[in-house]
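Heads up, final-v4.cif below (mmCIF, C-alpha atoms):
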data_entry
loop_
_atom_site.label_atom_id
_atom_site.label_comp_id
_atom_site.auth_asym_id
_atom_site.auth_seq_id
_atom_site.Cartn_x
_atom_site.Cartn_y
_atom_site.Cartn_z
CA MET A 253 -79.39 24.97 -62.26
CA LYS A 254 -75.82 23.77 -62.54
CA LYS A 255 -75.04 26.44 -65.18
CA GLY A 256 -76.28 29.14 -62.75
CA LYS A 257 -74.05 27.89 -59.95
CA THR A 258 -71.09 27.70 -62.30
CA LEU A 259 -71.68 31.28 -63.44
CA TRP A 260 -71.82 32.60 -59.89
CA LEU A 261 -68.68 30.61 -59.03
CA ILE A 262 -66.83 32.18 -61.98
CA ILE A 263 -68.02 35.66 -60.93
CA GLY A 264 -66.92 35.06 -57.33
CA ILE A 265 -63.44 33.85 -58.32
CA SER A 266 -63.09 36.78 -60.72
CA LEU A 267 -63.91 39.28 -57.99
CA ILE A 268 -61.37 37.66 -55.66
CA LEU A 269 -58.69 37.83 -58.36
CA ILE A 270 -59.52 41.48 -59.10
CA GLY A 271 -59.31 42.27 -55.38
CA CYS A 272 -55.92 40.55 -55.14
CA LEU A 273 -54.63 42.52 -58.13
CA ILE A 274 -55.82 45.82 -56.66
CA PHE A 275 -54.28 44.97 -53.28
CA GLY A 276 -51.01 43.91 -54.89
CA GLY A 277 -50.87 47.11 -56.93
CA ALA A 278 -51.56 49.31 -53.91
CA MET A 279 -48.94 47.49 -51.78
CA SER A 280 -46.39 47.83 -54.59
CA ILE A 281 -46.90 51.59 -54.59
CA ILE A 282 -46.05 51.75 -50.86
CA LYS A 283 -43.27 49.15 -51.32
CA TRP A 284 -45.11 46.57 -49.18
CA ASN A 285 -44.70 48.64 -46.03
CA PHE A 286 -47.71 47.54 -43.98
CA LEU A 287 -47.19 50.41 -41.54
CA GLU A 288 -48.38 52.76 -44.27
CA LEU A 289 -51.82 51.17 -44.01
CA SER A 290 -52.37 52.81 -40.62
CA THR A 291 -55.23 55.31 -40.61
CA SER A 292 -53.93 57.17 -37.53
CA ASP A 293 -51.45 60.04 -37.63
CA PHE A 294 -48.39 59.51 -35.43
CA GLU A 295 -45.88 62.00 -34.10
CA THR A 296 -42.82 62.04 -31.84
CA LYS A 297 -42.62 64.43 -28.92
CA GLU A 298 -39.76 64.94 -26.46
CA TYR A 299 -40.04 66.18 -22.90
CA PHE A 300 -37.12 67.26 -20.68
CA ILE A 301 -37.25 67.16 -16.88
CA SER A 302 -34.57 68.89 -14.80
CA GLU A 303 -36.39 68.66 -11.46
CA GLU A 304 -35.41 66.01 -8.92
CA TYR A 305 -37.72 63.14 -8.05
CA SER A 306 -37.57 59.81 -6.20
CA ASP A 307 -40.65 58.04 -7.57
CA ILE A 308 -41.68 57.15 -11.12
CA THR A 309 -45.34 56.62 -12.06
CA ILE A 310 -46.51 55.88 -15.60
CA PHE A 311 -50.11 55.47 -16.74
CA SER A 312 -50.21 54.42 -20.39
CA LYS A 313 -53.06 53.25 -22.60
CA GLN A 314 -51.79 51.59 -25.75
CA ALA A 315 -48.05 52.14 -25.58
CA ASP A 316 -44.91 50.14 -25.00
CA VAL A 317 -43.00 51.48 -22.01
CA VAL A 318 -39.20 51.29 -21.91
CA LEU A 319 -36.87 52.67 -19.25
CA GLU A 320 -33.54 53.55 -20.79
CA PRO A 321 -30.45 54.30 -18.65
CA THR A 322 -28.62 57.54 -19.23
CA THR A 323 -25.53 59.15 -17.74
CA GLU A 324 -27.10 62.58 -18.12
CA THR A 325 -28.49 64.36 -15.08
CA GLU A 326 -31.59 65.44 -16.98
CA THR A 327 -34.50 63.10 -17.69
CA LYS A 328 -35.76 62.86 -21.26
CA VAL A 329 -39.09 61.29 -22.18
CA VAL A 330 -39.69 60.43 -25.83
CA CYS A 331 -43.29 59.65 -26.81
CA TYR A 332 -44.11 58.13 -30.17
CA GLN A 333 -47.83 58.72 -30.07
CA GLN A 334 -51.04 59.24 -31.94
CA ALA A 335 -51.74 62.89 -32.57
CA ASN A 336 -54.88 62.82 -30.43
CA LEU A 337 -53.61 60.42 -27.74
CA THR A 338 -50.82 62.41 -26.12
CA TYR A 339 -49.02 62.27 -22.77
CA SER A 340 -48.55 64.64 -19.88
CA VAL A 341 -45.04 64.60 -18.40
CA LYS A 342 -44.31 66.48 -15.17
CA VAL A 343 -42.98 66.19 -11.61
CA VAL A 344 -45.68 66.20 -8.91
CA ASP A 345 -44.95 65.67 -5.20
CA ASN A 346 -41.47 64.28 -5.86
CA THR A 347 -42.88 61.89 -8.51
CA LEU A 348 -42.12 61.80 -12.21
CA LEU A 349 -45.68 61.43 -13.50
CA ILE A 350 -46.37 60.33 -17.05
CA GLU A 351 -50.00 59.83 -17.99
CA SER A 352 -52.04 59.63 -21.16
CA VAL A 353 -54.29 62.47 -22.32
CA ASP A 354 -56.97 61.00 -24.57
CA THR A 355 -58.74 63.61 -26.72
CA ARG A 356 -60.11 61.15 -29.27
CA ASN A 357 -63.71 61.26 -30.41
CA TRP A 358 -65.69 58.09 -30.98
CA ILE A 359 -65.00 58.23 -34.70
CA ASP A 360 -61.24 58.27 -34.02
CA HIS A 361 -61.53 54.73 -32.66
CA ILE A 362 -62.68 53.51 -36.08
CA GLY A 363 -59.85 52.66 -38.42
CA PHE A 364 -56.90 50.40 -39.08
CA ASN A 365 -53.74 50.84 -37.03
CA ILE A 366 -50.57 48.73 -37.16
CA LYS A 367 -48.14 51.22 -35.61
CA GLN A 368 -47.44 50.75 -31.91
CA PRO A 369 -47.11 53.82 -29.66
CA LYS A 370 -44.03 53.85 -27.42
CA ILE A 371 -42.86 55.75 -24.34
CA THR A 372 -39.09 55.79 -23.83
CA VAL A 373 -38.10 57.18 -20.44
CA CYS A 374 -34.41 58.07 -20.30
CA VAL A 375 -33.85 58.10 -16.54
CA PRO A 376 -30.45 58.64 -14.88
CA GLN A 377 -29.37 55.23 -13.62
CA GLY A 378 -29.28 54.66 -9.87
CA GLU A 379 -31.60 54.15 -6.89
CA TYR A 380 -35.21 55.34 -6.62
CA ASP A 381 -38.05 54.80 -4.16
CA SER A 382 -40.89 53.38 -6.27
CA LEU A 383 -41.73 52.43 -9.82
CA VAL A 384 -45.41 52.13 -10.76
CA ILE A 385 -46.47 51.32 -14.32
CA ASN A 386 -50.10 50.75 -15.23
CA GLY A 387 -51.02 50.07 -18.85
CA ASP A 388 -53.60 48.49 -21.12
CA THR A 389 -51.80 47.23 -24.23
CA GLY A 390 -48.06 47.04 -24.81
CA TYR A 391 -44.91 45.59 -23.34
CA VAL A 392 -42.86 46.96 -20.43
CA ASN A 393 -39.07 46.73 -20.20
CA VAL A 394 -37.16 47.74 -17.05
CA PRO A 395 -33.36 47.26 -17.28
CA SER A 396 -30.91 46.26 -14.56
CA GLN A 397 -29.27 49.66 -14.11
CA TYR A 398 -31.96 50.68 -11.60
CA THR A 399 -32.79 49.71 -8.02
CA PHE A 400 -36.09 50.60 -6.35
CA LYS A 401 -37.62 50.13 -2.95
CA ASP A 402 -40.82 48.87 -4.57
CA ILE A 403 -41.84 47.92 -8.11
CA LYS A 404 -45.44 47.46 -9.22
CA ILE A 405 -46.24 46.83 -12.89
CA THR A 406 -49.75 46.00 -14.14
CA GLN A 407 -50.66 45.32 -17.79
CA SER A 408 -53.92 44.17 -19.35
CA THR A 409 -52.36 42.78 -22.53
CA GLY A 410 -48.63 42.71 -22.99
CA LYS A 411 -45.32 41.30 -21.88
CA ILE A 412 -43.43 42.44 -18.79
CA ILE A 413 -39.63 42.21 -18.74
CA ASN A 414 -37.97 43.23 -15.48
CA PHE A 415 -34.25 43.20 -14.70
CA ALA A 416 -34.40 45.76 -11.85
CA SER A 417 -34.05 44.79 -8.19
CA ALA A 418 -36.05 46.06 -5.21
CA THR A 419 -35.26 46.21 -1.52
CA ASN A 420 -38.91 45.49 -0.66
CA ASP A 421 -41.60 44.21 -3.04
CA ILE A 422 -41.80 43.46 -6.75
CA ILE A 423 -45.38 42.93 -7.94
CA LEU A 424 -45.89 42.04 -11.62
CA THR A 425 -49.32 41.36 -13.11
CA THR A 426 -50.59 40.85 -16.65
CA ASN A 427 -53.81 39.31 -17.93
CA THR A 428 -52.61 38.19 -21.36
CA GLY A 429 -48.86 38.09 -21.93
CA GLY A 430 -45.67 36.65 -20.54
CA ILE A 431 -43.48 37.80 -17.66
CA THR A 432 -39.69 37.55 -17.55
CA VAL A 433 -37.63 38.33 -14.43
CA SER A 434 -33.85 37.96 -14.49
CA ASN A 435 -30.86 38.80 -12.26
CA VAL A 436 -33.08 40.29 -9.57
CA LEU A 437 -32.87 40.70 -5.80
CA ALA A 438 -36.06 41.36 -3.82
CA LYS A 439 -37.67 40.79 -0.48
CA ASN A 440 -41.03 39.65 -1.80
CA LEU A 441 -41.73 38.76 -5.43
CA SER A 442 -45.28 38.30 -6.77
CA VAL A 443 -45.88 37.23 -10.38
CA THR A 444 -49.45 36.83 -11.67
CA VAL A 445 -50.68 35.96 -15.17
CA SER A 446 -54.04 34.88 -16.52
CA THR A 447 -52.69 33.55 -19.82
CA GLY A 448 -48.98 33.51 -20.53
CA LYS A 449 -45.59 32.04 -19.70
CA VAL A 450 -43.44 33.05 -16.75
CA ASN A 451 -39.64 32.81 -16.82
CA LEU A 452 -37.58 33.49 -13.70
CA ARG A 453 -33.78 33.44 -13.99
CA ASP A 454 -31.13 34.11 -11.33
CA VAL A 455 -33.64 35.45 -8.83
CA ASN A 456 -32.94 35.77 -5.10
CA CYS A 457 -35.77 36.71 -2.75
CA THR A 458 -37.32 35.95 0.64
CA THR A 459 -40.77 34.89 -0.60
CA LEU A 460 -42.06 34.14 -4.08
CA ILE A 461 -45.71 33.78 -5.04
CA SER A 462 -46.90 33.04 -8.58
CA SER A 463 -50.44 32.32 -9.70
CA GLY A 464 -51.97 31.88 -13.13
CA ASN A 465 -54.65 30.21 -15.18
CA THR A 466 -53.00 29.09 -18.42
CA GLY A 467 -49.27 28.99 -19.06
CA ASP A 468 -46.03 27.35 -18.04
CA ILE A 469 -43.67 28.67 -15.39
CA SER A 470 -39.93 28.05 -15.38
CA LEU A 471 -37.47 28.79 -12.58
CA LYS A 472 -33.70 28.63 -13.15
CA ASN A 473 -31.10 29.42 -10.50
CA THR A 474 -33.86 30.89 -8.36
CA ILE A 475 -33.30 30.87 -4.60
CA VAL A 476 -36.12 31.65 -2.18
CA ARG A 477 -34.98 31.99 1.42
CA ASP A 478 -38.40 31.32 2.93
CA THR A 479 -41.50 30.13 1.03
CA LEU A 480 -42.11 29.44 -2.67
CA THR A 481 -45.77 29.13 -3.69
CA ILE A 482 -46.91 28.36 -7.26
CA THR A 483 -50.46 27.68 -8.44
CA ARG A 484 -51.62 27.02 -12.01
CA SER A 485 -54.82 25.82 -13.62
CA THR A 486 -53.19 24.66 -16.85
CA GLY A 487 -49.44 24.62 -17.31
CA ASP A 488 -46.18 22.90 -16.50
CA VAL A 489 -43.94 23.89 -13.61
CA LYS A 490 -40.20 23.45 -14.14
CA LEU A 491 -37.49 24.01 -11.53
CA GLU A 492 -33.84 24.03 -12.57
CA ASN A 493 -31.15 24.33 -9.91
CA SER A 494 -33.61 26.25 -7.73
CA ASP A 495 -34.69 25.98 -4.11
CA ALA A 496 -36.66 27.35 -1.18
CA GLU A 497 -36.95 26.56 2.50
CA ASN A 498 -40.56 25.51 1.95
CA ILE A 499 -42.15 24.74 -1.43
CA PHE A 500 -45.85 24.51 -2.29
CA ILE A 501 -46.75 23.83 -5.94
CA GLN A 502 -50.18 22.99 -7.32
CA THR A 503 -51.32 22.66 -10.94
CA ASP A 504 -54.51 21.11 -12.28
CA THR A 505 -53.22 20.10 -15.70
CA GLY A 506 -49.46 19.96 -16.12
CA ASP A 507 -46.20 18.35 -15.02
CA ILE A 508 -44.03 19.35 -12.08
CA THR A 509 -40.39 18.59 -12.84
CA GLY A 510 -36.90 19.81 -12.10
CA THR A 511 -33.92 19.87 -9.76
CA LEU A 512 -33.60 21.24 -6.23
CA LYS A 513 -30.42 22.14 -4.37
CA THR A 514 -31.27 20.68 -0.94
CA GLU A 515 -33.19 17.76 0.52
CA LYS A 516 -36.87 18.10 1.37
CA VAL A 517 -39.67 16.31 3.17
CA PHE A 518 -41.90 15.51 0.19
CA THR A 519 -45.68 15.30 0.08
CA THR A 520 -46.98 14.51 -3.41
CA ASN A 521 -50.27 13.76 -5.09
CA THR A 522 -51.41 13.19 -8.69
CA SER A 523 -54.68 11.78 -9.98
CA THR A 524 -53.33 10.74 -13.37
CA GLY A 525 -49.58 10.54 -13.74
CA LYS A 526 -46.33 9.15 -12.41
CA ILE A 527 -44.43 10.24 -9.30
CA ASP A 528 -40.64 10.08 -9.16
CA ILE A 529 -39.06 11.86 -6.18
CA PRO A 530 -35.97 11.31 -3.97
CA LYS A 531 -36.32 9.26 -0.81
CA THR A 532 -35.32 11.95 1.66
CA SER A 533 -36.65 12.75 5.14
CA ASN A 534 -34.72 15.91 6.00
CA GLY A 535 -35.16 19.56 5.08
CA GLY A 536 -38.13 21.84 4.64
CA LYS A 537 -41.58 21.01 3.35
CA CYS A 538 -42.15 20.30 -0.34
CA ASN A 539 -45.81 19.84 -1.22
CA LEU A 540 -46.39 18.98 -4.91
CA GLU A 541 -49.87 18.38 -6.35
CA THR A 542 -51.20 17.93 -9.88
CA SER A 543 -54.51 16.53 -11.08
CA THR A 544 -53.31 15.48 -14.53
CA GLY A 545 -49.57 15.28 -14.91
CA ASN A 546 -46.31 13.76 -13.76
CA ILE A 547 -44.13 14.72 -10.80
CA LYS A 548 -40.39 14.22 -11.19
CA ILE A 549 -37.83 15.91 -8.92
CA ARG A 550 -34.10 15.42 -8.41
CA ILE A 551 -31.66 16.81 -5.82
CA ASN A 552 -28.44 18.28 -7.19
#
With the file now loaded, output its structure as structure tokens.
Amino acid sequence: MKKGKTLWLIIGISLILIGCLIFGGAMSIIKWNFLELSTSDFETKEYFISEEYSDITIFSKQADVVLEPTTETETKVVCYQQANLTYSVKVVDNTLLIESVDTRNWIDHIGFNIKQPKITVCVPQGEYDSLVINGDTGYVNVPSQYTFKDIKITQSTGKIINFASATNDIILTTNTGGITVSNVLAKNLSVTVSTGKVNLRDVNCTTLISSGNTGDISLKNTIVRDTLTITRSTGDVKLENSDAENIFIQTDTGDITGTLKTEKVFTTNTSTGKIDIPKTSNGGKCNLETSTGNIKIRIN
């Protein structure tokens, strides 16, 4: 009985070693470039738009989306895409519309793909009315050289990086992935994540609302002229040199810590944890609640 087990063990180890040798030989042939393992054919296509537009709308499926400033008057869209998952680029009703055209059959979904599709939109820098980006998988990057009236970005899985300001609303939503907002002016800012970290830096707005299930949120040099509302199921909330007229923060599992710029009338509650707040009785409301975690706030 033991000899049989030993024989099968030797056979199993031998097969593993043979597999490793075959894999190593194949990877050596392609110089260990894992991108060569992709079973999908990729191509790069360029589109040029000379028509004027005030709105930008992008519907992507599995692509990174990057806005890239240009001093040219013409818009160029560069799509690094799968051969059978292309994009339509045109101006419709004063809107630059970019949307995916999926011609894949069911068998095309079977395979191994490491390469990441990408849409690079070279837009003349300046002011526009609206920016709408709706995607499934991939990150979104909007640089600071643009100003919009409204920004709305929704991703299923991927990171959102936004440096552009808006005169009205900025609404950023992702299910799985982080959100970074920096050097931004807005009237109303809404940041929602299911799982992922949120980083806000040098933000100035009238109202700020952030909700999420799992993930930390960090605010640095963020000034909210009216109301700041943060809710988390699991995650720490950190404020650094930030403030709002009224502050409402609630997290089930996590600490609430940081520094504020002005005095507040504090209301705090924690089931398990320590509370360390200034003894002030002036200023706006500051309601801090955590089920499991510490609360520690200082006034600069």
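Residues lying within 6 Å of Ile549 of chain A, counting only C-alpha atoms and ignoring same-chain neighbours fewer than 5 positions away, are Thr509, Gly510, Thr511 and Ile529 of chain A.
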Item to check | 10 Å contact set for Leu424 of chain A, only C-alpha atoms, chain neighbours under 6 positions out, as a PyMOL selection string | outcome: chain A and resi 385+403-407+412-414+431-433+441-445+462
Item to check | the PyMOL selection byres ((chain A and resi 319-321) around 7) applied to the shown file, residues as an MDAnalysis selection string | outcome: chainID A and resid 317:318 322:323 372:377 393:395 397
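You will find atom CA of Val436 of chain A at 6.4 Å from atom CA of Asn456 of chain A.
For the pair atom CA of Pro530 of chain A and atom CA of Ser494 of chain A, the interatomic distance is 15.6 Å.
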Next on the checklist: What would the selection look like, as a ChimeraX atom specification, if the PyMOL selection byres ((chain A and resi 535) around 10) were run on the coordinates I just shared?
Outcome noted: /A:497-498,514-518,532-534,536-538
Using all atoms listed in the file, list the residues that have an atom at most 10 Å from (-43.6, 49.4, -3.3), coordinates as in the file, as a JSON list (two decimals) with C-alpha atoms, in the frame of the given file.
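Below you can see selection_18.json, which holds the result:
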[["chain", "number", "residue", "atom", "x", "y", "z"],
["A", 381, "ASP", "CA", -38.05, 54.80, -4.16],
["A", 382, "SER", "CA", -40.89, 53.38, -6.27],
["A", 383, "LEU", "CA", -41.73, 52.43, -9.82],
["A", 384, "VAL", "CA", -45.41, 52.13, -10.76],
["A", 400, "PHE", "CA", -36.09, 50.60, -6.35],
["A", 401, "LYS", "CA", -37.62, 50.13, -2.95],
["A", 402, "ASP", "CA", -40.82, 48.87, -4.57],
["A", 403, "ILE", "CA", -41.84, 47.92, -8.11],
["A", 404, "LYS", "CA", -45.44, 47.46, -9.22],
["A", 418, "ALA", "CA", -36.05, 46.06, -5.21],
["A", 419, "THR", "CA", -35.26, 46.21, -1.52],
["A", 420, "ASN", "CA", -38.91, 45.49, -0.66],
["A", 421, "ASP", "CA", -41.60, 44.21, -3.04],
["A", 422, "ILE", "CA", -41.80, 43.46, -6.75],
["A", 423, "ILE", "CA", -45.38, 42.93, -7.94]]
Next on the checklist: I'd like the neighbourhood of Glu298 of chain A as a PyMOL selection string, where a residue qualifies if any of its atoms comes within 7 Å (using only C-alpha atoms), though same-chain residues fewer than 4 positions away should be ignored.
Outcome noted: chain A and resi 328-331
Checklist outcome for this item: Computed gap from atom CA of Asn521 of chain A to atom CA of Gly545 of chain A is 10.0 Å
Next on the checklist: For Thr428 of chain A, find every residue with an atom within 7 Å (counting only C-alpha atoms), except residues of its own chain fewer than 6 positions away, and show them as a list in words.
Outcome noted: Ser408, Thr409, Gly410, Val445, Ser446, Thr447 and Gly448 of chain A
Next on the checklist: Once the PyMOL selection byres ((chain A and resi 507) around 12) is applied to the coordinates I shared, what remains selected? I want it as a PyMOL selection string.
Outcome noted: chain A and resi 467-470+484-491+501-506+508-510+521-528+540-549
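Shortest separation to Ile499 of chain A among A:Leu480, A:Cys272, A:Leu261, A:Val343 occurs at residue A:Leu480, atoms counted being only C-alpha atoms.
Environment of (-52.9, 53.3, -18.5): residues at most 10 Å away, judged by only C-alpha atoms, are Ile310, Phe311, Ser312, Lys313, Gln314, Ala315, Ile350, Glu351, Ser352, Ile385, Asn386, Gly387, Asp388, Thr389, Thr406, Gln407 and Ser408 of chain A.
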